[in-house]
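The file model.cif contains mmCIF, C-alpha atoms and all ligand atoms:
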```
data_coords
loop_
_atom_site.label_atom_id
_atom_site.label_comp_id
_atom_site.auth_asym_id
_atom_site.auth_seq_id
_atom_site.Cartn_x
_atom_site.Cartn_y
_atom_site.Cartn_z
CA MET S 1 90.03 118.56 145.83
CA LEU S 2 91.03 115.14 144.64
CA PRO S 3 93.55 113.12 146.64
CA GLY S 4 97.12 114.17 145.99
CA MET S 5 96.07 116.97 143.64
CA LYS S 6 99.04 119.04 144.70
CA GLY S 7 101.53 116.29 144.00
CA GLY S 8 104.26 115.99 146.59
CA PRO S 9 106.67 113.24 147.56
CA LEU S 10 106.31 109.81 145.99
CA ALA S 11 103.91 107.43 147.71
CA PRO S 12 105.28 104.26 149.33
CA TYR S 13 103.71 102.29 146.45
CA ALA S 14 105.44 104.35 143.73
CA CYS S 15 108.58 103.26 141.88
CA ASP S 16 111.59 105.14 143.22
CA PRO S 17 114.38 105.59 140.67
CA ALA S 18 116.94 105.42 143.49
CA ARG S 19 115.73 101.86 144.15
CA SER S 20 115.47 100.76 140.53
CA ARG S 21 116.31 97.14 139.78
CA GLY S 22 118.80 98.56 137.33
CA ARG S 23 119.87 98.07 133.71
CA ARG S 24 120.96 94.90 131.94
CA TYR S 25 124.39 96.43 131.31
CA PRO S 26 125.50 98.38 134.39
CA GLU S 27 126.16 102.07 133.74
CA ALA S 28 127.21 104.94 135.98
CA ASP S 29 124.37 107.25 137.06
CA ALA S 30 123.81 110.38 134.99
CA PRO S 31 124.84 113.55 136.85
CA THR S 32 121.58 115.48 136.44
CA ARG S 33 118.88 112.93 135.62
CA ASN S 34 117.44 109.99 137.52
CA ALA S 35 117.19 106.54 135.92
CA PHE S 36 113.66 106.98 134.57
CA GLN S 37 114.29 110.48 133.20
CA ARG S 38 117.28 109.06 131.40
CA ASP S 39 115.14 106.22 130.00
CA ARG S 40 112.62 108.73 128.72
CA ASP S 41 115.36 110.76 127.02
CA ARG S 42 116.80 107.64 125.37
CA ILE S 43 113.37 106.74 124.05
CA VAL S 44 112.76 110.23 122.63
CA HIS S 45 116.11 110.12 120.81
CA SER S 46 115.54 106.63 119.36
CA THR S 47 114.94 105.93 115.68
CA ALA S 48 111.82 103.89 116.43
CA PHE S 49 110.29 106.87 118.26
CA ARG S 50 110.80 109.22 115.32
CA ARG S 51 109.14 106.70 113.02
CA LEU S 52 105.94 106.78 115.11
CA VAL S 53 104.99 109.99 113.33
CA TYR S 54 104.50 108.00 110.13
CA LYS S 55 102.71 105.05 111.70
CA THR S 56 98.99 104.86 112.27
CA GLN S 57 96.40 102.87 114.18
CA VAL S 58 93.02 103.21 112.50
CA PHE S 59 93.47 105.70 109.67
CA LEU S 60 96.40 105.25 107.38
CA ASN S 61 99.02 107.93 107.03
CA HIS S 62 98.14 108.95 103.49
CA GLU S 63 94.43 109.40 104.25
CA GLY S 64 94.80 112.79 105.89
CA ASP S 65 97.11 115.01 107.88
CA LEU S 66 94.81 115.63 110.83
CA TYR S 67 94.35 112.12 112.15
CA ARG S 68 96.26 110.71 115.08
CA THR S 69 99.49 108.97 114.41
CA ARG S 70 101.23 106.65 116.83
CA LEU S 71 103.39 109.60 117.85
CA THR S 72 100.54 111.91 118.81
CA HIS S 73 98.77 108.96 120.42
CA SER S 74 101.86 108.23 122.53
CA LEU S 75 102.08 111.89 123.58
CA GLU S 76 98.42 111.85 124.61
CA VAL S 77 98.95 108.68 126.64
CA ALA S 78 101.96 110.31 128.33
CA GLN S 79 99.97 113.46 129.11
CA LEU S 80 96.98 111.58 130.57
CA GLY S 81 99.27 109.18 132.42
CA ARG S 82 101.33 111.95 133.97
CA SER S 83 98.24 113.84 135.13
CA MET S 84 96.94 110.77 136.91
CA ALA S 85 100.39 109.82 138.26
CA ARG S 86 100.83 113.26 139.84
CA SER S 87 97.56 112.97 141.74
CA LEU S 88 98.29 109.42 142.85
CA ARG S 89 101.85 110.38 143.86
CA LEU S 90 103.23 107.82 141.42
CA ASN S 91 106.41 108.36 139.45
CA GLU S 92 105.61 110.70 136.55
CA ASP S 93 108.96 110.15 134.84
CA LEU S 94 108.45 106.40 134.73
CA VAL S 95 104.90 106.80 133.43
CA GLU S 96 106.16 109.13 130.73
CA ALA S 97 108.95 106.75 129.69
CA ILE S 98 106.58 103.76 129.45
CA ALA S 99 103.90 105.77 127.62
CA LEU S 100 106.32 107.12 125.03
CA ALA S 101 107.73 103.64 124.41
CA HIS S 102 104.55 101.57 124.59
CA ASP S 103 103.89 101.51 120.84
CA LEU S 104 107.48 101.37 119.52
CA GLY S 105 107.01 97.79 118.33
CA HIS S 106 103.95 98.46 116.22
CA THR S 107 104.04 97.49 112.57
CA PRO S 108 103.08 99.87 109.77
CA PHE S 109 99.34 100.07 108.96
CA GLY S 110 98.07 99.72 112.53
CA HIS S 111 96.11 96.66 113.57
CA ALA S 112 95.94 95.34 110.02
CA GLY S 113 99.72 95.25 109.62
CA GLN S 114 100.08 93.60 112.98
CA ASP S 115 97.52 90.89 112.18
CA ALA S 116 99.24 90.19 108.87
CA LEU S 117 102.68 89.92 110.45
CA GLN S 118 101.23 87.65 113.14
CA ASP S 119 99.95 85.33 110.42
CA CYS S 120 103.27 85.42 108.56
CA MET S 121 105.21 84.59 111.73
CA ALA S 122 102.78 81.96 113.11
CA ALA S 123 105.08 79.11 112.06
CA HIS S 124 108.27 81.01 112.98
CA GLY S 125 107.90 81.80 116.67
CA GLY S 126 105.03 84.31 116.42
CA PHE S 127 104.83 88.09 116.46
CA GLU S 128 103.40 90.18 119.29
CA HIS S 129 103.57 93.96 119.27
CA ASN S 130 104.27 94.34 123.00
CA LEU S 131 107.08 91.85 122.76
CA GLN S 132 108.32 93.70 119.68
CA SER S 133 108.35 97.00 121.62
CA LEU S 134 110.62 95.30 124.14
CA ARG S 135 112.80 93.91 121.31
CA VAL S 136 113.16 97.46 119.96
CA VAL S 137 114.46 98.86 123.25
CA ASP S 138 116.44 95.72 124.19
CA GLU S 139 117.96 94.69 120.85
CA LEU S 140 117.03 96.53 117.69
CA GLU S 141 118.05 100.12 118.41
CA GLU S 142 121.72 100.58 117.54
CA ARG S 143 122.94 103.72 119.25
CA TYR S 144 125.49 102.83 121.87
CA PRO S 145 129.02 101.48 121.48
CA GLN S 146 128.83 98.92 124.30
CA PHE S 147 125.45 97.25 123.83
CA ASN S 148 122.48 96.70 121.55
CA GLY S 149 119.25 98.48 122.38
CA LEU S 150 118.73 101.39 124.75
CA ASN S 151 119.66 99.55 127.97
CA LEU S 152 116.61 100.87 129.84
CA SER S 153 115.82 100.31 133.50
CA PHE S 154 113.96 97.20 134.58
CA GLU S 155 110.86 99.18 135.56
CA THR S 156 110.54 100.84 132.14
CA ARG S 157 111.08 97.52 130.32
CA GLU S 158 108.53 95.82 132.56
CA GLY S 159 105.95 98.48 131.69
CA ILE S 160 106.66 98.14 127.96
CA LEU S 161 106.00 94.39 128.09
CA LYS S 162 102.29 94.84 128.73
CA HIS S 163 101.18 91.42 127.50
CA CYS S 164 103.02 88.37 126.40
CA ALA S 165 102.02 84.80 125.57
CA LEU S 166 103.13 82.25 128.15
CA ARG S 167 105.52 80.52 125.76
CA HIS S 168 107.28 83.84 125.11
CA ALA S 169 107.31 84.59 128.84
CA ARG S 170 109.10 81.26 129.40
CA GLU S 171 111.68 82.13 126.73
CA ILE S 172 112.38 85.52 128.30
CA GLU S 173 112.50 83.98 131.76
CA ALA S 174 115.12 81.48 130.56
CA ARG S 175 117.32 84.35 129.33
CA GLU S 176 116.56 86.67 132.21
CA PRO S 177 115.52 84.71 135.34
CA GLY S 178 113.14 86.66 137.59
CA GLY S 179 113.12 89.45 134.99
CA VAL S 180 110.45 91.32 133.06
CA ALA S 181 108.48 88.20 132.09
CA ALA S 182 108.43 86.58 135.55
CA ARG S 183 105.12 88.20 136.43
CA PHE S 184 103.29 86.40 133.62
CA LEU S 185 104.47 83.08 135.05
CA ARG S 186 103.83 84.05 138.68
CA ARG S 187 100.59 85.81 137.80
CA THR S 188 101.55 88.96 139.67
CA GLN S 189 101.04 92.59 138.65
CA PRO S 190 103.51 95.12 137.28
CA SER S 191 104.15 98.47 138.98
CA LEU S 192 101.28 100.92 139.38
CA GLU S 193 103.02 103.17 136.84
CA ALA S 194 102.78 100.36 134.27
CA GLN S 195 99.16 99.67 135.19
CA LEU S 196 98.40 103.37 134.83
CA CYS S 197 99.84 103.47 131.30
CA ASN S 198 97.52 100.66 130.22
CA LEU S 199 94.48 102.58 131.36
CA ALA S 200 95.78 105.89 129.95
CA ASP S 201 96.21 104.10 126.61
CA GLU S 202 92.58 102.94 126.64
CA ILE S 203 91.26 106.38 127.67
CA ALA S 204 93.36 108.07 124.97
CA TYR S 205 92.43 105.89 122.01
CA ASN S 206 88.73 105.72 122.86
CA ALA S 207 88.60 109.52 122.92
CA HIS S 208 90.74 110.25 119.88
CA ASP S 209 89.07 107.57 117.79
CA ILE S 210 85.74 109.35 118.36
CA ASP S 211 87.37 112.58 117.24
CA ASP S 212 89.07 111.06 114.19
CA GLY S 213 85.97 108.96 113.39
CA ILE S 214 83.74 112.03 113.27
CA ARG S 215 86.37 114.09 111.44
CA SER S 216 86.63 111.41 108.75
CA GLY S 217 82.86 111.31 108.30
CA LEU S 218 82.76 107.59 109.12
CA LEU S 219 80.96 108.32 112.40
CA SER S 220 78.26 110.92 112.93
CA VAL S 221 77.44 112.86 116.09
CA ALA S 222 73.90 111.46 115.90
CA GLN S 223 75.29 107.94 115.84
CA MET S 224 77.56 108.69 118.79
CA GLN S 225 74.45 109.52 120.85
CA GLN S 226 73.87 105.75 121.08
CA VAL S 227 76.88 105.58 123.36
CA PRO S 228 75.82 106.41 126.95
CA LEU S 229 79.16 108.04 127.82
CA PHE S 230 79.02 110.36 124.82
CA ALA S 231 75.28 111.07 125.22
CA HIS S 232 75.76 111.97 128.89
CA TYR S 233 78.46 114.60 128.25
CA SER S 234 76.71 115.84 125.14
CA GLU S 235 73.56 116.52 127.16
CA GLN S 236 75.59 118.17 129.93
CA THR S 237 77.39 120.37 127.39
CA LEU S 238 74.21 121.42 125.59
CA ALA S 239 72.50 122.24 128.90
CA GLU S 240 75.26 124.78 129.55
CA HIS S 241 75.84 125.89 125.95
CA PRO S 242 72.55 125.32 124.07
CA ALA S 243 73.81 126.85 120.82
CA LEU S 244 77.02 124.84 120.65
CA GLN S 245 77.38 122.61 117.61
CA GLY S 246 79.81 121.12 115.14
CA ARG S 247 83.44 120.50 116.06
CA ARG S 248 83.38 122.73 119.11
CA HIS S 249 80.55 120.62 120.56
CA VAL S 250 82.45 117.39 119.86
CA TYR S 251 85.63 118.77 121.43
CA GLU S 252 83.77 119.87 124.55
CA VAL S 253 82.11 116.46 124.92
CA ILE S 254 85.45 114.69 124.54
CA ARG S 255 87.15 117.11 126.93
CA ARG S 256 84.54 116.43 129.63
CA MET S 257 84.70 112.72 128.98
CA LEU S 258 88.49 112.70 129.35
CA SER S 259 88.42 114.77 132.54
CA ASP S 260 85.81 112.61 134.21
CA GLN S 261 87.61 109.41 133.25
CA VAL S 262 90.84 110.78 134.72
CA TYR S 263 89.10 111.80 137.97
CA ASP S 264 87.32 108.45 138.07
CA VAL S 265 90.61 106.53 137.81
CA ILE S 266 92.22 108.71 140.50
CA ASN S 267 89.30 108.20 142.89
CA ALA S 268 88.79 104.48 142.27
CA THR S 269 92.51 103.76 142.46
CA SER S 270 92.99 105.86 145.61
CA ALA S 271 90.14 103.95 147.25
CA ALA S 272 91.65 100.60 146.26
CA LEU S 273 95.04 101.65 147.65
CA GLN S 274 93.48 102.90 150.86
CA ALA S 275 91.58 99.66 151.29
CA LEU S 276 94.95 97.88 151.31
CA GLY S 277 96.25 100.33 153.91
CA GLU S 278 98.75 102.21 151.71
CA PRO S 279 100.60 99.10 150.47
CA ASP S 280 104.27 99.03 149.51
CA LEU S 281 105.49 97.96 146.08
CA THR S 282 105.70 94.28 147.03
CA ALA S 283 102.11 94.28 148.23
CA VAL S 284 101.02 96.12 145.07
CA ARG S 285 102.56 93.45 142.87
CA ALA S 286 100.87 90.65 144.82
CA ALA S 287 97.43 92.32 144.78
CA PRO S 288 95.01 92.29 141.83
CA ALA S 289 95.39 95.22 139.40
CA LEU S 290 94.81 98.32 141.53
CA VAL S 291 94.77 101.07 138.91
CA GLN S 292 91.18 100.98 137.83
CA PHE S 293 87.97 102.66 136.76
CA SER S 294 84.95 102.58 139.05
CA ALA S 295 82.52 99.78 138.10
CA THR S 296 80.21 102.29 136.39
CA MET S 297 82.97 103.90 134.33
CA ARG S 298 84.42 100.49 133.46
CA ALA S 299 81.05 99.45 132.00
CA GLN S 300 80.70 102.73 130.10
CA SER S 301 84.21 102.60 128.72
CA SER S 302 83.67 99.00 127.57
CA ALA S 303 80.41 99.99 125.87
CA LEU S 304 82.24 102.79 124.02
CA LYS S 305 84.98 100.38 123.00
CA SER S 306 82.43 97.89 121.61
CA PHE S 307 80.69 100.68 119.72
CA LEU S 308 83.94 101.85 118.13
CA PHE S 309 84.85 98.30 117.24
CA ALA S 310 81.56 97.64 115.47
CA ASN S 311 81.09 101.04 113.84
CA LEU S 312 84.56 102.42 113.18
CA TYR S 313 87.16 99.63 113.12
CA ARG S 314 84.74 97.42 111.17
CA HIS S 315 83.45 100.21 108.94
CA PRO S 316 83.46 99.01 105.30
CA GLN S 317 85.78 101.84 104.28
CA VAL S 318 88.25 101.03 107.05
CA MET S 319 87.95 97.32 106.23
CA LEU S 320 88.86 97.99 102.61
CA THR S 321 92.15 99.72 103.47
CA THR S 322 92.70 97.09 106.17
CA GLU S 323 92.54 94.36 103.56
CA GLN S 324 95.02 96.18 101.34
CA ALA S 325 97.34 96.74 104.29
CA ARG S 326 97.29 93.02 105.08
CA THR S 327 98.16 92.26 101.47
CA VAL S 328 101.05 94.73 101.48
CA VAL S 329 102.57 93.25 104.65
CA ALA S 330 102.03 89.62 103.61
CA GLU S 331 103.56 90.23 100.16
CA LEU S 332 106.49 92.16 101.62
CA PHE S 333 107.15 89.28 104.00
CA ALA S 334 107.11 86.73 101.19
CA ALA S 335 109.31 88.93 98.98
CA TYR S 336 112.07 89.43 101.59
CA LEU S 337 111.92 85.80 102.69
CA SER S 338 112.72 84.61 99.16
CA ALA S 339 115.08 87.52 98.35
CA PRO S 340 116.76 88.61 101.62
CA HIS S 341 119.32 90.70 99.69
CA GLU S 342 116.48 93.17 99.07
CA MET S 343 116.82 94.10 102.76
CA PRO S 344 119.74 96.10 104.21
CA SER S 345 122.79 93.85 104.62
CA ASP S 346 122.66 93.58 108.42
CA PHE S 347 119.11 92.18 108.22
CA ALA S 348 119.96 89.98 105.21
CA ALA S 349 122.94 88.48 107.07
CA ARG S 350 120.97 87.28 110.08
CA ALA S 351 120.65 83.51 110.60
CA ASP S 352 116.97 83.53 111.62
CA ARG S 353 115.61 84.89 108.35
CA PRO S 354 111.88 85.02 109.22
CA ARG S 355 112.65 86.97 112.41
CA ALA S 356 114.97 89.31 110.50
CA VAL S 357 112.21 89.95 107.95
CA ALA S 358 109.63 90.53 110.70
CA ASP S 359 111.96 92.97 112.51
CA TYR S 360 112.64 94.81 109.26
CA ILE S 361 108.97 95.09 108.29
CA ALA S 362 107.84 95.97 111.83
CA GLY S 363 110.25 98.91 111.82
CA MET S 364 108.82 100.41 108.62
CA THR S 365 106.62 103.47 108.44
CA ASP S 366 103.35 103.22 106.49
CA ARG S 367 104.70 105.06 103.48
CA PHE S 368 108.04 103.24 103.36
CA ALA S 369 106.19 99.89 103.46
CA GLY S 370 103.94 101.09 100.62
CA ARG S 371 106.93 102.18 98.57
CA GLU S 372 108.88 98.98 99.18
CA HIS S 373 105.84 96.95 98.25
CA ALA S 374 105.52 98.87 94.97
CA ARG S 375 109.24 98.42 94.26
CA LEU S 376 109.21 94.68 94.92
CA THR S 377 105.87 93.71 93.37
CA GLY S 378 105.36 96.41 90.75
CA ARG S 379 101.87 97.01 92.16
CA GLN S 380 100.76 100.30 93.71
CA LEU S 381 98.67 99.73 96.81
CA LEU S 382 98.57 101.80 99.97
CA GLY S 383 100.55 104.96 100.44
CA ALA S 384 102.60 104.41 97.29
CA GLU S 385 102.34 107.69 95.50
MG MG S 401 98.65 102.55 122.49
#
```
Represent the structure of the file as structure tokens.
Ligand code: MG
Amino acid sequence: MLPGMKGGPLAPYACDPARSRGRRYPEADAPTRNAFQRDRDRIVHSTAFRRLVYKTQVFLNHEGDLYRTRLTHSLEVAQLGRSMARSLRLNEDLVEAIALAHDLGHTPFGHAGQDALQDCMAAHGGFEHNLQSLRVVDELEERYPQFNGLNLSFETREGILKHCALRHAREIEAREPGGVAARFLRRTQPSLEAQLCNLADEIAYNAHDIDDGIRSGLLSVAQMQQVPLFAHYSEQTLAEHPALQGRRHVYEVIRRMLSDQVYDVINATSAALQALGEPDLTAVRAAPALVQFSATMRAQSSALKSFLFANLYRHPQVMLTTEQARTVVAELFAAYLSAPHEMPSDFAARADRPRAVADYIAGMTDRFAGREHARLTGRQLLGAE
């Protein structure tokens, strides 16, 4: 049995909601939910969360109904993250909250939309999706009478801000001294729950991109055999089920791959924690990243990632829609910048117009962006039926 398989009380290195560093605007505790459970519930009820169902990463929303969306991706990250958290005696509620919120700041049209918005905002303070996820939960959601945003706990916000350029970290630090950006300046680590979500994210998208890649016909099973991780579990599966083929074979390979990656993270991370003598949270933050793959699995996961990059994300068919997506976002940006009244009045009224335009576009679903682009330019590109 793997360490902590039965769950149990939180480990000394887990985040305890009773010792949370609190919210930006103090609020009374909820009667039946701890701070992180409440964060999770606020995220699930947010507008940005509902929009994830119409936002995509690799395949665009209009290309098919069976591909992952940012919503199903976020649910898969939460599921994988919670499984690992339980075994490591980390806080499952915090992992779930971070996982469900980690992609809230993503633009429409996946990586392509994000790259385009980055280019548009290069001269206006930049655009980073992790920072945007934090902006969504800190500022952009409008649900509560007393404050902007969702007023989440420090630990959830810290996990959401996975990466951030140093200049942005300095800006946040100036507003919020010793807050969620301090670790980028001090070069320390976030909580183990936050570290776990990063790895769960990687495990989830590598696996589901294989699935979606094969389903779309852009990747073949034969081609996937070049990837040692896939070949290994394929061989193992066929040794036990020689007649298995088609989708059921692919599912079984992915299932085994996911399980072994989860067990690998639990074992490697437990060993790293043990080597530090069961550290407390302060020691965890000062140490190098402790949630990890074994060296072998790290190499295999990286090889899979490189394969997907070269063969799926750079596939000519994906590149074609990627180009169109970039055009849609760049033209939307230019259109709203010169005609802000085309945006809702609260966005149009903001003093920092480029940032208002970026926030408005980043919040769009794929199909709404396509429709707005058609309305403003008279040209039908992506998703504008
Ligand atoms: Mg993700």
Just how far from CA of Leu152 (chain S) is CA of Gly113 (chain S), in Å to one decimal?
26.9 Å
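Shortest separation to Arg143 (chain S) among S:Gln225, S:Glu158, S:His45, S:Pro242 occurs at residue S:His45, atoms counted being all atoms listed in the file.
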Which residues are near ligand MG 401 (chain S) - at most 7 Å, using only C-alpha atoms and all ligand atoms? Format: as number ranges by chain.
S: 73-74, 102-103, 201
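Note that CA of Arg82 (chain S) and CA of Tyr313 (chain S) are 28.1 Å apart.
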Against region 260-269 of chain S, which residues of region 273-321 of chain S fall within 8 Å? For each one I want the closest pair of atoms and the distance in Å (one decimal), counting all atoms listed in the file, rows by chain and increasing residue number, as a Markdown table.
```
| residue | atom | partner | partner_atom | distance |
| --- | --- | --- | --- | --- |
| S:Leu273 | CA | S:Thr269 | CA | 6.1 |
| S:Leu290 | CA | S:Thr269 | CA | 6.0 |
| S:Val291 | CA | S:Thr269 | CA | 5.0 |
| S:Gln292 | CA | S:Thr269 | CA | 5.6 |
| S:Phe293 | CA | S:Val265 | CA | 4.8 |
| S:Ser294 | CA | S:Ala268 | CA | 5.4 |
| S:Met297 | CA | S:Gln261 | CA | 7.3 |
```
Looking at only C-alpha atoms, which of S:Asn311, S:Thr188, S:Gln114, S:Ser345 is the one that sits closest to Ala286 (chain S)?
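Looking at the shortest contact to Ala286 (chain S), the residue is S:Thr188.
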Taking all atoms listed in the file into account, name the residue in S:Val227, S:Asp211, S:Arg51, S:Tyr251 that is nearest to Ser306 (chain S).
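Using all atoms listed in the file, the shortest distance to Ser306 (chain S) belongs to S:Val227.
CA of Ser220 (chain S) to CA of Arg298 (chain S) spans 23.8 Å [interatomic distance, one decimal].
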Give me, as CSV, each residue of region 157-262 of chain S that comes within 10 Å of region 21-33 of chain S, together with its shortest interatomic pair and the distance in Å at one decimal, counting all atoms listed in the file, with rows ordered by chain and rising residue number.
```
residue,atom,partner,partner_atom,distance
S:Arg157,CA,S:Arg23,CA,9.4
S:Glu176,CA,S:Arg24,CA,9.3
S:Gly179,CA,S:Arg21,CA,9.6
```
From the options S:Ala299, S:Val137, S:Val328, S:Leu117, which residue's atoms come nearest to Thr377 (chain S), counting all atoms listed in the file?
S:Val328
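Distances to Pro9 (chain S) were evaluated for S:Ala48, S:Val53, S:Ala85, S:Val357 using all atoms listed in the file, and the minimum falls at S:Ala85.
Among the candidates S:Ala169, S:Asp93, S:Phe368, S:Asp41, the residue lying nearest to Pro17 (chain S) is S:Asp93 (atoms considered: only C-alpha atoms).
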Residue neighbourhood Gln57 (chain S), 12 Å, all atoms listed in the file, exclusion window fewer than 4 positions, as an NGL selection string
:S and (52-53 or 61 or 67-74 or 103 or 106-114 or 205-206 or 208-209 or 212 or 312-313 or 318 or 321-322 or 325 or 365-366)
Applying 12 Å and all atoms listed in the file, which residues near Ala283 (chain S) remain after dropping the ones on its own chain fewer than 2 positions away? List them as a short mmCIF file (atom, residue, chain, number, x, y, z; two decimals) with C-alpha atoms, in the coordinates of the input.
```cif
data_model
loop_
_atom_site.label_atom_id
_atom_site.label_comp_id
_atom_site.auth_asym_id
_atom_site.auth_seq_id
_atom_site.Cartn_x
_atom_site.Cartn_y
_atom_site.Cartn_z
CA PRO S 12 105.28 104.26 149.33
CA TYR S 13 103.71 102.29 146.45
CA ALA S 14 105.44 104.35 143.73
CA THR S 188 101.55 88.96 139.67
CA GLN S 189 101.04 92.59 138.65
CA PRO S 190 103.51 95.12 137.28
CA SER S 191 104.15 98.47 138.98
CA LEU S 192 101.28 100.92 139.38
CA LEU S 273 95.04 101.65 147.65
CA LEU S 276 94.95 97.88 151.31
CA GLY S 277 96.25 100.33 153.91
CA GLU S 278 98.75 102.21 151.71
CA PRO S 279 100.60 99.10 150.47
CA ASP S 280 104.27 99.03 149.51
CA LEU S 281 105.49 97.96 146.08
CA ARG S 285 102.56 93.45 142.87
CA ALA S 286 100.87 90.65 144.82
CA ALA S 287 97.43 92.32 144.78
CA PRO S 288 95.01 92.29 141.83
CA ALA S 289 95.39 95.22 139.40
CA LEU S 290 94.81 98.32 141.53
#
```
Is it possible to get the axis-aligned box enclosing region 156-163 of chain S (all listed atoms, 3 Å extra per side) as AutoDock Vina command-line options, with centre and edge lengths in Å rounded to one decimal?
```
--center_x 106.1 --center_y 96.1 --center_z 130.0 --size_x 15.9 --size_y 15.4 --size_z 11.1
```
Could you name the residues that touch Phe347 (chain S) at 9 Å or less, counting all atoms listed in the file, but leaving out those on the same chain fewer than 3 positions away, as a ChimeraX atom specification?
/S:340-341,343-344,350,353,356-357,359-360
Using only C-alpha atoms, please write the residues we just selected to a file, as a PDB file, in the frame of the given file.
```pdb
ATOM      1  CA  PRO S 340     116.760  88.610 101.620  1.00  0.00           C
ATOM      2  CA  HIS S 341     119.320  90.700  99.690  1.00  0.00           C
ATOM      3  CA  MET S 343     116.820  94.100 102.760  1.00  0.00           C
ATOM      4  CA  PRO S 344     119.740  96.100 104.210  1.00  0.00           C
ATOM      5  CA  ARG S 350     120.970  87.280 110.080  1.00  0.00           C
ATOM      6  CA  ARG S 353     115.610  84.890 108.350  1.00  0.00           C
ATOM      7  CA  ALA S 356     114.970  89.310 110.500  1.00  0.00           C
ATOM      8  CA  VAL S 357     112.210  89.950 107.950  1.00  0.00           C
ATOM      9  CA  ASP S 359     111.960  92.970 112.510  1.00  0.00           C
ATOM     10  CA  TYR S 360     112.640  94.810 109.260  1.00  0.00           C
TER      11      TYR S 360
END
```
Could you list, as a ChimeraX atom specification, every residue within 8 Å of Leu131 (chain S), counting all atoms listed in the file and ignoring same-chain residues fewer than 3 positions away?
/S:105,127-128,134-135,161,163-164
Just the selected residues (C-alpha atoms), exported as a PDB file, in the coordinates of the input, please.
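And here is the file that came out, out.pdb:
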```pdb
ATOM      1  CA  GLY S 105     107.010  97.790 118.330  1.00  0.00           C
ATOM      2  CA  PHE S 127     104.830  88.090 116.460  1.00  0.00           C
ATOM      3  CA  GLU S 128     103.400  90.180 119.290  1.00  0.00           C
ATOM      4  CA  LEU S 134     110.620  95.300 124.140  1.00  0.00           C
ATOM      5  CA  ARG S 135     112.800  93.910 121.310  1.00  0.00           C
ATOM      6  CA  LEU S 161     106.000  94.390 128.090  1.00  0.00           C
ATOM      7  CA  HIS S 163     101.180  91.420 127.500  1.00  0.00           C
ATOM      8  CA  CYS S 164     103.020  88.370 126.400  1.00  0.00           C
TER       9      CYS S 164
END
```
